[in-house]
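I have placed the structure first, in the form of structure tokens, so that the comments after it can refer back to it.
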Amino acid sequence: MIENSDEIKMIIAVRRDLKMTRGKEIAQSCHACLGAVLHEGSYQFDETKNELNHIPVDKKTIKWLESGCAKICVKINSEQELYDLQKKADAAGINCCLIVDAGRTMFHGIETPTCIALGPASSAELDPITGMLQLY
């Protein structure tokens, strides 16, 4: 597949060294994706429907939502790699959400960083940071 540098996508990097169950990896990835999307926006309460609505204000997030919400999962092998990705994303001005598991079901009560979502952002922005990582 030839990638368009204007394509908007999200990269989710999951720590493989933790030996999480597949379900745990999926749940943690969902937390990261949702956290990244909800971080970029505002909220408005609709009194007629009695509901809280999320309003994305970032144009990249809106384009991402309208174009199919592309998500690419990649492997990382350490906590340090997770923090390195966060540092690179922050330096590049890319939205990210790092997830730290509370340790209630795994990790024996120890809070443990598990994954990070970067974006939504363009391929041109994300590829220099995550392009060398192995697909999950």
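Chain labels A, B, ... are given in the sequence in which chains occur in the structure tokens; within each chain residues are numbered consecutively from 1, and ligands are likewise numbered from 1 in the order shown.
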
| task | List every residue of chain A that DSSP, applied to the backbone of this structure, places in alpha helix (DSSP H), and write the result as a ChimeraX atom specification. | result | /A:22-39,59-66,79-92,123-130

| request: Point out the residue among A:Asp101, A:Val37, A:Asn50, A:Asn95 with the least atom-to-atom distance to Leu65 (chain A), counting only C-alpha atoms. | output: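 Among the listed residues, A:Val37 lies closest to Leu65 (chain A).
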
| request: Can you list, as an MDAnalysis selection string, all residues belonging to chain A that DSSP tags as strand (DSSP E or B)? | output: chainID A and resid 8:15 42:46 51:55 71:76 96:101 112:122 135

| Using only C-alpha atoms, which residue out of A:Thr105, A:Thr61, A:Thr21, A:Thr130 lies closest to Leu82 (chain A)? | A:Thr130

| message | I'd like the contact shell of Ile116 (chain A) - 7 Å cut-off, only C-alpha atoms, skipping same-chain residues fewer than 2 positions apart - returned as a ChimeraX atom specification. | response | /A:12-14,32,82,96-99,118

Quick one: write out the picked residues with N, CA, C and O atoms as a PDB file, in the first residue's frame?
```
ATOM      1  N   ILE A  12      -0.845   3.215  17.577  1.00  0.00           N
ATOM      2  CA  ILE A  12      -0.937   2.705  18.941  1.00  0.00           C
ATOM      3  C   ILE A  12       0.228   1.749  19.150  1.00  0.00           C
ATOM      4  O   ILE A  12       0.345   0.741  18.454  1.00  0.00           O
ATOM      5  N   ALA A  13       1.105   2.106  20.081  1.00  0.00           N
ATOM      6  CA  ALA A  13       2.284   1.291  20.386  1.00  0.00           C
ATOM      7  C   ALA A  13       2.032   0.533  21.689  1.00  0.00           C
ATOM      8  O   ALA A  13       1.717   1.140  22.721  1.00  0.00           O
ATOM      9  N   VAL A  14       2.157  -0.783  21.621  1.00  0.00           N
ATOM     10  CA  VAL A  14       1.847  -1.657  22.749  1.00  0.00           C
ATOM     11  C   VAL A  14       3.122  -2.351  23.224  1.00  0.00           C
ATOM     12  O   VAL A  14       3.867  -2.916  22.418  1.00  0.00           O
ATOM     13  N   ALA A  32      -6.104   3.989  25.226  1.00  0.00           N
ATOM     14  CA  ALA A  32      -5.189   4.969  24.627  1.00  0.00           C
ATOM     15  C   ALA A  32      -5.860   5.714  23.476  1.00  0.00           C
ATOM     16  O   ALA A  32      -5.765   6.942  23.374  1.00  0.00           O
ATOM     17  N   LEU A  82       8.346   3.397  25.429  1.00  0.00           N
ATOM     18  CA  LEU A  82       7.067   4.082  25.577  1.00  0.00           C
ATOM     19  C   LEU A  82       7.297   5.568  25.884  1.00  0.00           C
ATOM     20  O   LEU A  82       6.730   6.448  25.239  1.00  0.00           O
ATOM     21  N   CYS A  96      -0.861  12.903  22.089  1.00  0.00           N
ATOM     22  CA  CYS A  96      -0.645  11.507  22.469  1.00  0.00           C
ATOM     23  C   CYS A  96      -1.305  11.228  23.814  1.00  0.00           C
ATOM     24  O   CYS A  96      -1.606  12.145  24.574  1.00  0.00           O
ATOM     25  N   CYS A  97      -1.536   9.957  24.075  1.00  0.00           N
ATOM     26  CA  CYS A  97      -2.124   9.527  25.337  1.00  0.00           C
ATOM     27  C   CYS A  97      -1.408   8.260  25.782  1.00  0.00           C
ATOM     28  O   CYS A  97      -1.536   7.213  25.157  1.00  0.00           O
ATOM     29  N   LEU A  98      -0.643   8.371  26.860  1.00  0.00           N
ATOM     30  CA  LEU A  98       0.066   7.237  27.436  1.00  0.00           C
ATOM     31  C   LEU A  98      -0.804   6.630  28.527  1.00  0.00           C
ATOM     32  O   LEU A  98      -1.330   7.349  29.378  1.00  0.00           O
ATOM     33  N   ILE A  99      -0.974   5.330  28.482  1.00  0.00           N
ATOM     34  CA  ILE A  99      -1.841   4.635  29.435  1.00  0.00           C
ATOM     35  C   ILE A  99      -1.000   3.934  30.496  1.00  0.00           C
ATOM     36  O   ILE A  99      -0.049   3.220  30.189  1.00  0.00           O
ATOM     37  N   LEU A 118      -0.639   7.806  19.498  1.00  0.00           N
ATOM     38  CA  LEU A 118      -0.134   9.058  18.940  1.00  0.00           C
ATOM     39  C   LEU A 118      -1.057   9.477  17.808  1.00  0.00           C
ATOM     40  O   LEU A 118      -1.341   8.688  16.913  1.00  0.00           O
TER      41      LEU A 118
END
```

| Can you tell me, as a list in words, what residues are no more than 8 Å from Leu135 (chain A) when counting only C-alpha atoms, ignoring any on the same chain fewer than 4 positions away? |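 Non-adjacent residues within range: Ile72, Cys73, Val74 and Lys75 of chain A.
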
| field | Option closest in space to Ala27 (chain A), from A:Cys115, A:Leu52, A:Ala70, A:Ile76 [counting only C-alpha atoms] | value | A:Cys115

| request: Name the closest residue to Asp58 (chain A) among the candidates A:Ala121, A:Met106, A:Ala92, A:Leu85; distances are taken between atoms, counting only C-alpha atoms. | output: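 Nearest candidate to Asp58 (chain A) out of A:Ala121, A:Met106, A:Ala92, A:Leu85: A:Ala121.
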